[in-house]
$ cat final_23.cif   # mmCIF, C-alpha atoms
data_model
#
loop_
_atom_site.group_PDB
_atom_site.id
_atom_site.type_symbol
_atom_site.label_atom_id
_atom_site.label_comp_id
_atom_site.auth_asym_id
_atom_site.auth_seq_id
_atom_site.Cartn_x
_atom_site.Cartn_y
_atom_site.Cartn_z
ATOM 1 C CA MET H 1 15.121 -8.380 12.570
ATOM 2 C CA GLU H 2 16.778 -6.836 9.531
ATOM 3 C CA SER H 3 14.535 -7.447 6.524
ATOM 4 C CA GLY H 4 17.186 -6.631 3.916
ATOM 5 C CA GLY H 5 14.649 -5.158 1.487
ATOM 6 C CA LEU H 6 12.282 -8.111 1.685
ATOM 7 C CA ARG H 7 8.554 -7.490 1.509
ATOM 8 C CA TYR H 8 6.220 -8.867 4.131
ATOM 9 C CA LEU H 9 2.441 -8.688 4.137
ATOM 10 C CA HIS H 10 0.641 -8.390 7.480
ATOM 11 C CA CYS H 11 -2.911 -9.374 8.365
ATOM 12 C CA GLY H 12 -4.748 -6.430 9.928
ATOM 13 C CA ILE H 13 -6.745 -8.714 12.206
ATOM 14 C CA CYS H 14 -4.430 -11.451 13.500
ATOM 15 C CA HIS H 15 -1.057 -9.772 12.749
ATOM 16 C CA THR H 16 0.227 -12.812 10.857
ATOM 17 C CA ALA H 17 3.113 -11.889 8.535
ATOM 18 C CA TRP H 18 4.277 -13.668 5.406
ATOM 19 C CA HIS H 19 6.840 -13.016 2.697
ATOM 20 C CA HIS H 20 5.644 -11.953 -0.761
ATOM 21 C CA VAL H 21 7.714 -11.384 -3.898
ATOM 22 C CA ARG H 22 8.254 -7.654 -4.509
ATOM 23 C CA SER H 23 7.748 -7.618 -8.247
ATOM 24 C CA SER H 24 4.315 -9.232 -8.412
ATOM 25 C CA CYS H 25 0.779 -8.067 -7.676
ATOM 26 C CA VAL H 26 -0.623 -9.294 -4.375
ATOM 27 C CA ALA H 27 -4.098 -9.768 -5.872
ATOM 28 C CA CYS H 28 -3.436 -11.476 -9.217
ATOM 29 C CA GLY H 29 0.275 -12.345 -9.255
ATOM 30 C CA ASP H 30 1.024 -10.328 -12.415
ATOM 31 C CA GLY H 31 4.518 -8.862 -12.551
ATOM 32 C CA LYS H 32 4.385 -6.754 -15.706
ATOM 33 C CA ASP H 33 1.851 -4.063 -14.876
ATOM 34 C CA VAL H 34 2.807 -3.247 -11.267
ATOM 35 C CA SER H 35 3.808 0.295 -10.301
ATOM 36 C CA GLN H 36 3.881 2.533 -7.236
ATOM 37 C CA ARG H 37 1.939 5.755 -6.742
ATOM 38 C CA PHE H 38 2.118 8.470 -4.123
ATOM 39 C CA VAL H 39 0.715 11.896 -3.341
ATOM 40 C CA GLU H 40 2.968 14.842 -4.191
ATOM 41 C CA GLY H 41 3.291 17.740 -1.822
ATOM 42 C CA ALA H 42 3.245 21.404 -2.858
ATOM 43 C CA ASP H 43 7.013 21.329 -3.448
ATOM 44 C CA GLY H 44 6.783 18.394 -5.888
ATOM 45 C CA THR H 45 8.202 15.807 -3.487
ATOM 46 C CA GLU H 46 6.336 12.962 -1.803
ATOM 47 C CA ALA H 47 3.900 14.266 0.798
ATOM 48 C CA ASN H 48 4.387 11.172 2.971
ATOM 49 C CA GLY H 49 7.432 9.225 1.773
ATOM 50 C CA ALA H 50 6.682 6.290 4.067
ATOM 51 C CA VAL H 51 3.298 5.428 2.512
ATOM 52 C CA ARG H 52 2.717 4.537 -1.129
ATOM 53 C CA ALA H 53 0.216 2.519 -3.118
ATOM 54 C CA GLU H 54 1.202 -0.367 -5.339
ATOM 55 C CA THR H 55 -1.112 -0.466 -8.346
ATOM 56 C CA CYS H 56 -1.693 -3.240 -10.860
ATOM 57 C CA ASP H 57 -3.033 -2.414 -14.298
ATOM 58 C CA ALA H 58 -3.747 -6.100 -15.037
ATOM 59 C CA CYS H 59 -6.461 -6.459 -12.357
ATOM 60 C CA HIS H 60 -6.895 -2.725 -11.616
ATOM 61 C CA SER H 61 -6.336 -3.093 -7.876
ATOM 62 C CA TYR H 62 -4.072 -1.382 -5.346
ATOM 63 C CA LEU H 63 -2.545 -2.038 -1.956
ATOM 64 C CA LYS H 64 -1.076 0.522 0.434
ATOM 65 C CA LEU H 65 2.574 -0.008 1.330
ATOM 66 C CA LEU H 66 4.080 1.241 4.599
ATOM 67 C CA PHE H 67 7.865 1.617 4.651
ATOM 68 C CA LEU H 68 9.069 1.136 8.218
ATOM 69 C CA GLU H 69 12.681 1.828 7.255
ATOM 70 C CA LYS H 70 11.636 5.382 6.279
ATOM 71 C CA ALA H 71 9.450 5.972 9.359
ATOM 72 C CA PRO H 72 9.902 3.416 12.165
ATOM 73 C CA ASP H 73 7.097 5.008 14.206
ATOM 74 C CA LEU H 74 4.388 4.338 11.593
ATOM 75 C CA ASP H 75 0.996 3.347 12.950
ATOM 76 C CA PRO H 76 -0.945 1.289 10.383
ATOM 77 C CA VAL H 77 -4.392 2.549 11.421
ATOM 78 C CA ALA H 78 -3.442 6.211 11.855
ATOM 79 C CA ASP H 79 -1.286 6.385 8.720
ATOM 80 C CA ASP H 80 -3.992 4.634 6.722
ATOM 81 C CA LEU H 81 -6.373 7.431 7.710
ATOM 82 C CA ALA H 82 -3.713 10.101 7.177
ATOM 83 C CA THR H 83 -3.269 8.991 3.558
ATOM 84 C CA LEU H 84 -6.951 9.029 2.635
ATOM 85 C CA ALA H 85 -6.121 11.405 -0.233
ATOM 86 C CA LEU H 86 -4.191 8.572 -1.867
ATOM 87 C CA ASP H 87 -7.285 6.340 -1.659
ATOM 88 C CA LEU H 88 -9.441 9.080 -3.164
ATOM 89 C CA LEU H 89 -7.064 9.691 -6.073
ATOM 90 C CA LEU H 90 -6.833 5.995 -6.900
ATOM 91 C CA GLY H 91 -10.602 5.626 -6.575
ATOM 92 C CA GLU H 92 -11.024 8.369 -9.183
ATOM 93 C CA GLU H 93 -8.821 6.285 -11.493
ATOM 94 C CA GLU H 94 -11.159 3.327 -10.796
ATOM 95 C CA TYR H 95 -8.651 1.181 -8.920
ATOM 96 C CA ARG H 96 -10.169 -1.027 -6.227
ATOM 97 C CA ARG H 97 -8.415 -1.456 -2.927
ATOM 98 C CA ILE H 98 -7.294 -4.825 -1.621
ATOM 99 C CA GLY H 99 -6.206 -5.288 1.964
ATOM 100 C CA VAL H 100 -8.905 -3.088 3.496
ATOM 101 C CA ASN H 101 -8.271 -1.848 7.026
ATOM 102 C CA PRO H 102 -10.815 -3.836 9.112
ATOM 103 C CA PHE H 103 -11.015 -1.087 11.735
ATOM 104 C CA LEU H 104 -12.415 1.506 9.317
ATOM 105 C CA ALA H 105 -16.144 1.676 8.714
ATOM 106 C CA VAL H 106 -17.038 1.656 5.037
ATOM 107 C CA ALA H 107 -19.991 3.848 4.117
ATOM 108 C CA GLY H 108 -22.135 2.776 1.343
#

$ encode --input "final_23.cif" --output "structure tokens"
Amino acid sequence: MESGGLRYLHCGICHTAWHHVRSSCVACGDGKDVSQRFVEGADGTEANGAVRAETCDACHSYLKLLFLEKAPDLDPVADDLATLALDLLLGEEEYRRIGVNPFLAVAG
């Protein structure tokens, strides 16, 4: 199905999908303080252009975004692990992650 630039959220456990407005935070609904972050490679371009994090300065949370149109063979579990550097960088900026991957063990 052609999504036409629409944004869908997917449950990591039951695989339910639902539409969510692009310009608002998934956690708090704010639309003013939402931006996207990514890890830059050595050449100054995106290291993995298919995975970004959407951050919200209103509630200080973030959610990883996977762009299937850029990489149709994305695997949510594997690419979540492959972009751990993004989680670490955002953690240093004191953002908290929403939408945790249920298949990853959290140490603590």

$ closest_residue --input "final_23.cif" --among "H:Gly31, H:Ala71, H:Thr55, H:Leu65" --to "Leu89 of chain H" --atoms "all atoms listed in the file"
H:Thr55

$ closest_residue --input "final_23.cif" --among "H:Val34, H:Leu81, H:Cys56, H:Ala50" --to "Leu68 of chain H" --atoms "all atoms listed in the file"
H:Ala50

$ atom_distance --input "final_23.cif" --atom1 "atom CA of Leu84 of chain H" --atom2 "atom CA of Phe38 of chain H"
11.3 Å

$ residues_around --input "final_23.cif" --residues "Arg52 of chain H" --least-positions-apart "3" --cutoff "8 Å" --atoms "only C-alpha atoms" --output "JSON, numbers by chain"
{"H": [36, 37, 38, 39, 48, 49, 64, 65, 66]}

$ axis_aligned_box --input "final_23.cif" --around "segment 57-66 of chain H" --padding-each-side "6 Å" --output "AutoDock Vina command-line options"
--center_x -1.4 --center_y -2.6 --center_z -5.2 --size_x 23.0 --size_y 19.7 --size_z 31.6

$ residues_around --input "final_23.cif" --residues "segment 9-25 of chain H" --least-positions-apart "2" --cutoff "10 Å" --atoms "only C-alpha atoms" --output "count of residues only"
29

$ atom_distance --input "final_23.cif" --atom1 "atom CA of Thr83 of chain H" --atom2 "atom CA of Arg96 of chain H"
15.6 Å

$ atom_distance --input "final_23.cif" --atom1 "atom CA of Ala53 of chain H" --atom2 "atom CA of Ala82 of chain H"
13.4 Å
